[in-house]
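Let me begin by presenting the structure, written as structure tokens, before commenting on it.
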Protein chains: 2
Amino acid sequence: MAHFMNAREALVTEAIDGGLRAGAGRLARLDGYPHIRVVVRTDWDKSRVALVSGGGSGHEPAHAGFVGRGLLTAAVCGDVFASPSVDAVLAGILAVTGKAGCLLIVKNYTGDRLNFGLAAERARSFGLKVSMVIVDDDIALPDLPQARGVAGTLFVHKIAGALAEEGADLETVTAAAQGVVSRVASIGMSADTGTVPGSPKENRIAPGMAELGLGIHGEAGVEQVALSSARDAVAVVAQRLAPYLGSGDHVALVNNLGGATPLEMAVVTEELMKSEIGPRIRWMVGPAPLMTSLDMQGFSVSLLPVGPDEAAALMAPVACPAWPPCVEMAPVTVLALPDGLTPIAPLPSEHPETAEFIARCCDILIDAETDLNALDAKSGDGDTGATLAGAARALKTAMPRLPLADLTQLHRAIGLELSQTMGGSSGVLLAIFFSAAGDAAASGMGTVDALKAGLARIRQVGGAARGDRTMIDALEPALEALPEGLAAAARAAREGADATAAITRAKAGRASYVSADKLAGHNDPGAEAVARLFERLSA
Amino acid sequence: MAHFMNAREALVTEAIDGGLRAGAGRLARLDGYPHIRVVVRTDWDKSRVALVSGGGSGHEPAHAGFVGRGLLTAAVCGDVFASPSVDAVLAGILAVTGKAGCLLIVKNYTGDRLNFGLAAERARSFGLKVSMVIVDDDIALPDLPQARGVAGTLFVHKIAGALAEEGADLETVTAAAQGVVSRVASIGMSADTGTVPGSPKENRIAPGMAELGLGIHGEAGVEQVALSSARDAVAVVAQRLAPYLGSGDHVALVNNLGGATPLEMAVVTEELMKSEIGPRIRWMVGPAPLMTSLDMQGFSVSLLPVGPDEAAALMAPVACPAWPPCVEMAPVTVLALPDGLTPIAPLPSEHPETAEFIARCCDILIDAETDLNALDAKSGDGDTGATLAGAARALKTAMPRLPLADLTQLHRAIGLELSQTMGGSSGVLLAIFFSAAGDAAASGMGTVDALKAGLARIRQVGGAARGDRTMIDALEPALEALPEGLAAAARAAREGADATAAITRAKAGRASYVSADKLAGHNDPGAEAVARLFERLSA
């Protein structure tokens, strides 16, 4: 699998520039390419506590996508899965930090700790107030001396970001961040590994399996489990998270690790709410790609117990489109189906002449069954005759329940019968034809104009016009000639139907998929049916 | 590759319910499961024109994710890649349509045209005003009689949605929608096919290739091209779109087809703006997953020429988090690097006693090189001695430029030298130790307290405490004993270093990856170095 990128070493710099262009001027970067890649807010005046985060790239939208009012002040971007340098972090700190100071939010990976840590020292030697929190929210490996920092980091961004935006001082912001760090728990699960751009894919996870507790840099998980269902997968995740629940209500961050489809993420959300920890989840951020691992087909769930102040901070507005709103979970609201789905059967009425006319039409089509099938077999699947004859037989059976004395109702009733008994596109199109004609008749049109209105509608819905080798090639000239009598209509229909034998490039319908040499010399069976109908009626 | 789902036939219904739960009560569904899957706004009073769209699922967030104020009123969801039934569409229309009427926005696929078309007829027979537009924005197959409807459909949603929200009548909304349909053009490119949940993956696109102009239901593209770079890929897309440019400014919708990473999408954005059509693009929606094709690793670009009214409609606020704001493209803003990245070298000064003390320390570490390497070889990669001796030699060379007479500056200067000459984690940690000690000294602390402050900082950054088998096991007791003299400090350091031989479960540093049996009986080489330093200094 190739990737949409240019030189691998330019991937992060080009991606940052693309993000800045689409950032509507809200964001800028420092002039340090290629080694210093720092994204900063353009609307920042250093009057409040700055929040600086970052780390390796490949986790987008984290972290550059979360730079903006109410979230980060700067993001320091390393190469894919590699920590940024001390100089890059220092540049980020110096660019945004004023007298109010700066909080560094660091995911617990050795490279990030060290590079952010030394940069903090160097910044402090300039007299700047710099504090640092290290997020270690991954509960996958309880025996690991130092837990990794994963998607729970984003709760720290959001809650510290809201406080900083309000003007809280560095001690308050740092204490709030540290408070989140001490209580947040996360775990991930994936059905496939992510692919590092420019590198071959690692096929570590067998088809049908999923890995629990894997890291966001391709580190293997604690165990592989059979992925039998989303329900079982989420149950395992919920069971691991349950011991870390705090008191009261929780917010869940449901994170797409990159390659899971929105369908899957929605099912995961549904199962999470139905799981053993579901009743404890009052708010949610996501489901959305937030802290990805390239295109890893998995998800992670982060949980944080929150009181009213933190809930307010989670809800506070931000200027980052990549950050989904934190919402209060709602039950599934189900509304009653509207009336009208079961069509009201029109009152049957008698009208011997009309009944006889319809029966005659039906018999004509029934008689033509074999011929039309044979014609269709030359250019299609040979069922036009059977389809039309079947509909005709059904319509004859339905005669006693038709509103024969009310022409307006009758058109609609025929349309309804056809839509319920005739399969395929042609059934739907004929149903539309008669329904639309009925509507037109109801508005006072005469029969010919009403039929023309029906024709106009199937031209729109079917997308076919005259010359496209469909029944329209016979029906349209027939309706145009109908005011001059049935015989004129029959001649026009026949002329139109015969002309279809020369149309070898169909633009609509099934014949558009058939090669020209199979079409040449044969009338379109739909047009032929229309011609026979008018010919026999006028005979 | 398995998917996070339960029974395949329940995928769409469960996903809709998950979406409703996370929809904060903004959305509801009709009570028609499993066959009728219609998502509607809960804040809808039928007073304005309703917008109904939908089609097969697998394109999320389209269409259910775009139900909300300023966009769709209802989305009718078929199964994955399958049109919803006539009854489902009719239910959607009837549920949301009042006197103002309803516009159906339909992507040009036969099933959707027919089912939405017949549902429209049935709704009209109830006296409802229903109009319909069919979007055919895909320019991939110019010879195809009927172009497909793809991501450009979303411009129709947005512009019609803004007008409807303002209270425009059905004729106005329909005309605006039709106007968009007549001018929008889209094309897609992908490096891999999407995978239908529960079905095997189709490996149609060879590694290193990309397909141009493929459909959003797995239909093959018009041609395959070598994917040599994002620049070339976007150039092909731009070249195909160029003939469809209108007059004036354009908006581009940059759509992630599902599985492309945000990094790739940002590079695509950057290349699009640099392409031949870039100068014509004034606004952008995305890059974001908007009209996906499951997890297809590709993108599409849709272009629409817009005047001021349409631009305003594109910018109008919506209540759908999945809809990214339409932004005016900005140039890449580059800010100058802050001062301070190149550290100001402190003024060298002489202080023979200090110089002699530092030289002595350095010599002790240089002498210990072989022993420490040997010790490290038993539990690590055998370079602790070389690393420390190398740093010591470098520090001796740097002596003439050190501010020897200013203890505060001296700590910081030593930290800076070490950070520049010593590789690995230990170099960074020692740099942090001396920098932090320098800061503490600058604030007026005595030497011992300043060194303790340095120790506290490396404990935070390194994440190690006493008992974790690191140099802290010797350094911490040494500093605690230092007020009682060097001899006491040396005894404490030795005791601490020797105790590390019994610590077989390291919690930090490289030894945490080494098995217990390799650690047992050997002192940690870092702690041993500290002990030797104090012992030799006190000798």
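Scheme for the structure tokens: letters A, B, ... for chains in order shown; per-chain residue numbers from 1; ligand numbers from 1 in order shown.
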Q.
Quick one: residues within 9 Å of Pro321 in chain A, only C-alpha atoms, excluding same-chain residues fewer than 3 positions away - as a PyMOL selection string?
A. (chain A and resi 65-66+318+324) or (chain B and resi 321+324-325)
Residues from the last selection, N, CA and C atoms, saved as a PDB file, in the first residue's frame:
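Final file, part_32.pdb:
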ATOM      1  N   GLY A  65      -3.574  19.787  15.595  1.00  0.00           N
ATOM      2  CA  GLY A  65      -4.990  20.061  15.357  1.00  0.00           C
ATOM      3  C   GLY A  65      -5.713  20.585  16.574  1.00  0.00           C
ATOM      4  N   PHE A  66      -5.053  20.563  17.719  1.00  0.00           N
ATOM      5  CA  PHE A  66      -5.685  21.040  18.945  1.00  0.00           C
ATOM      6  C   PHE A  66      -5.058  22.342  19.426  1.00  0.00           C
ATOM      7  N   VAL A 318     -14.167  25.802  22.098  1.00  0.00           N
ATOM      8  CA  VAL A 318     -12.792  25.878  21.592  1.00  0.00           C
ATOM      9  C   VAL A 318     -12.840  26.314  20.137  1.00  0.00           C
ATOM     10  N   PRO A 324     -14.179  17.466  18.894  1.00  0.00           N
ATOM     11  CA  PRO A 324     -15.634  17.341  18.882  1.00  0.00           C
ATOM     12  C   PRO A 324     -16.200  17.858  20.206  1.00  0.00           C
TER      13      PRO A 324
ATOM     14  N   PRO B 321     -21.584  18.391  14.334  1.00  0.00           N
ATOM     15  CA  PRO B 321     -20.136  18.392  14.592  1.00  0.00           C
ATOM     16  C   PRO B 321     -19.332  17.753  13.460  1.00  0.00           C
ATOM     17  N   PRO B 324     -17.244  20.137   8.924  1.00  0.00           N
ATOM     18  CA  PRO B 324     -16.183  21.075   9.281  1.00  0.00           C
ATOM     19  C   PRO B 324     -16.538  22.465   8.755  1.00  0.00           C
ATOM     20  N   PRO B 325     -16.071  23.501   9.428  1.00  0.00           N
ATOM     21  CA  PRO B 325     -16.393  24.839   8.949  1.00  0.00           C
ATOM     22  C   PRO B 325     -15.799  25.077   7.568  1.00  0.00           C
TER      23      PRO B 325
END
Q: Determine which residues of chain A sit within 6 Å of chain B, taking into account only C-alpha atoms, and present them as number ranges by chain.
A: A: 1-2, 4-6, 14-15, 18-22, 24-25, 28-31, 60, 95, 113, 117-118, 145, 207-208, 229-230, 259, 261-264, 266-267, 269-270, 294-295, 327-338, 432, 461, 507
Please, could you write that set of residues out with C-alpha atoms as a tab-separated table (two decimals), in the first residue's frame?
chain	number	residue	atom	x	y	z
A	1	MET	CA	0.00	0.00	0.00
A	2	ALA	CA	1.44	3.33	-1.06
A	4	PHE	CA	-0.17	10.03	-0.53
A	5	MET	CA	3.07	11.78	0.32
A	6	ASN	CA	6.18	13.12	-1.29
A	14	GLU	CA	4.25	19.48	4.24
A	15	ALA	CA	1.38	18.21	6.33
A	18	GLY	CA	-1.40	21.99	4.50
A	19	GLY	CA	-3.01	22.24	7.91
A	20	LEU	CA	-2.04	25.90	8.25
A	21	ARG	CA	-3.57	26.74	4.87
A	22	ALA	CA	-6.84	25.15	5.88
A	24	ALA	CA	-8.14	30.05	8.09
A	25	GLY	CA	-5.26	32.08	9.46
A	28	ALA	CA	1.13	29.86	12.19
A	29	ARG	CA	4.39	27.99	12.44
A	30	LEU	CA	7.86	28.97	13.57
A	31	ASP	CA	10.53	29.52	10.96
A	60	GLU	CA	-3.18	13.60	14.15
A	95	ALA	CA	7.56	31.59	21.36
A	113	ARG	CA	10.08	13.26	28.99
A	117	GLY	CA	12.32	18.16	30.50
A	118	LEU	CA	15.61	19.62	29.32
A	145	PRO	CA	6.86	0.46	35.82
A	207	PRO	CA	-7.37	-11.90	10.41
A	208	GLY	CA	-10.22	-12.41	12.86
A	229	SER	CA	-18.19	-9.34	17.88
A	230	ALA	CA	-18.07	-5.68	18.81
A	259	GLY	CA	-8.59	3.29	10.35
A	261	THR	CA	-14.89	3.18	9.97
A	262	PRO	CA	-17.44	5.59	11.45
A	263	LEU	CA	-19.92	2.68	11.33
A	264	GLU	CA	-17.66	0.61	13.57
A	266	ALA	CA	-20.76	4.10	16.30
A	267	VAL	CA	-21.31	0.42	17.10
A	269	THR	CA	-20.16	3.62	21.23
A	270	GLU	CA	-23.46	1.78	21.40
A	294	LEU	CA	-1.68	6.45	11.62
A	295	ASP	CA	-4.31	4.18	10.02
A	327	VAL	CA	-21.89	16.10	24.94
A	328	GLU	CA	-24.18	14.71	27.59
A	329	MET	CA	-25.22	11.21	26.58
A	330	ALA	CA	-28.84	10.87	25.59
A	331	PRO	CA	-31.08	7.84	25.41
A	332	VAL	CA	-32.07	6.76	21.90
A	333	THR	CA	-35.20	8.72	21.04
A	334	VAL	CA	-37.61	6.73	18.89
A	335	LEU	CA	-40.48	8.50	17.15
A	336	ALA	CA	-43.62	6.78	15.89
A	337	LEU	CA	-43.76	6.08	12.19
A	338	PRO	CA	-45.86	8.65	10.34
A	432	ILE	CA	-44.24	6.52	-10.97
A	461	VAL	CA	-36.43	9.94	-12.22
A	507	LYS	CA	-27.70	5.91	-22.51
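One finds CA of Glu528 in chain A at 13.7 Å from CA of Ile366 in chain A.
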Q: Could you give me the residues within range 212-345 of chain B that DSSP places in helix (DSSP H, G or I), as a PyMOL selection string?
A: chain B and resi 230-244+262-274+278-280+308-315
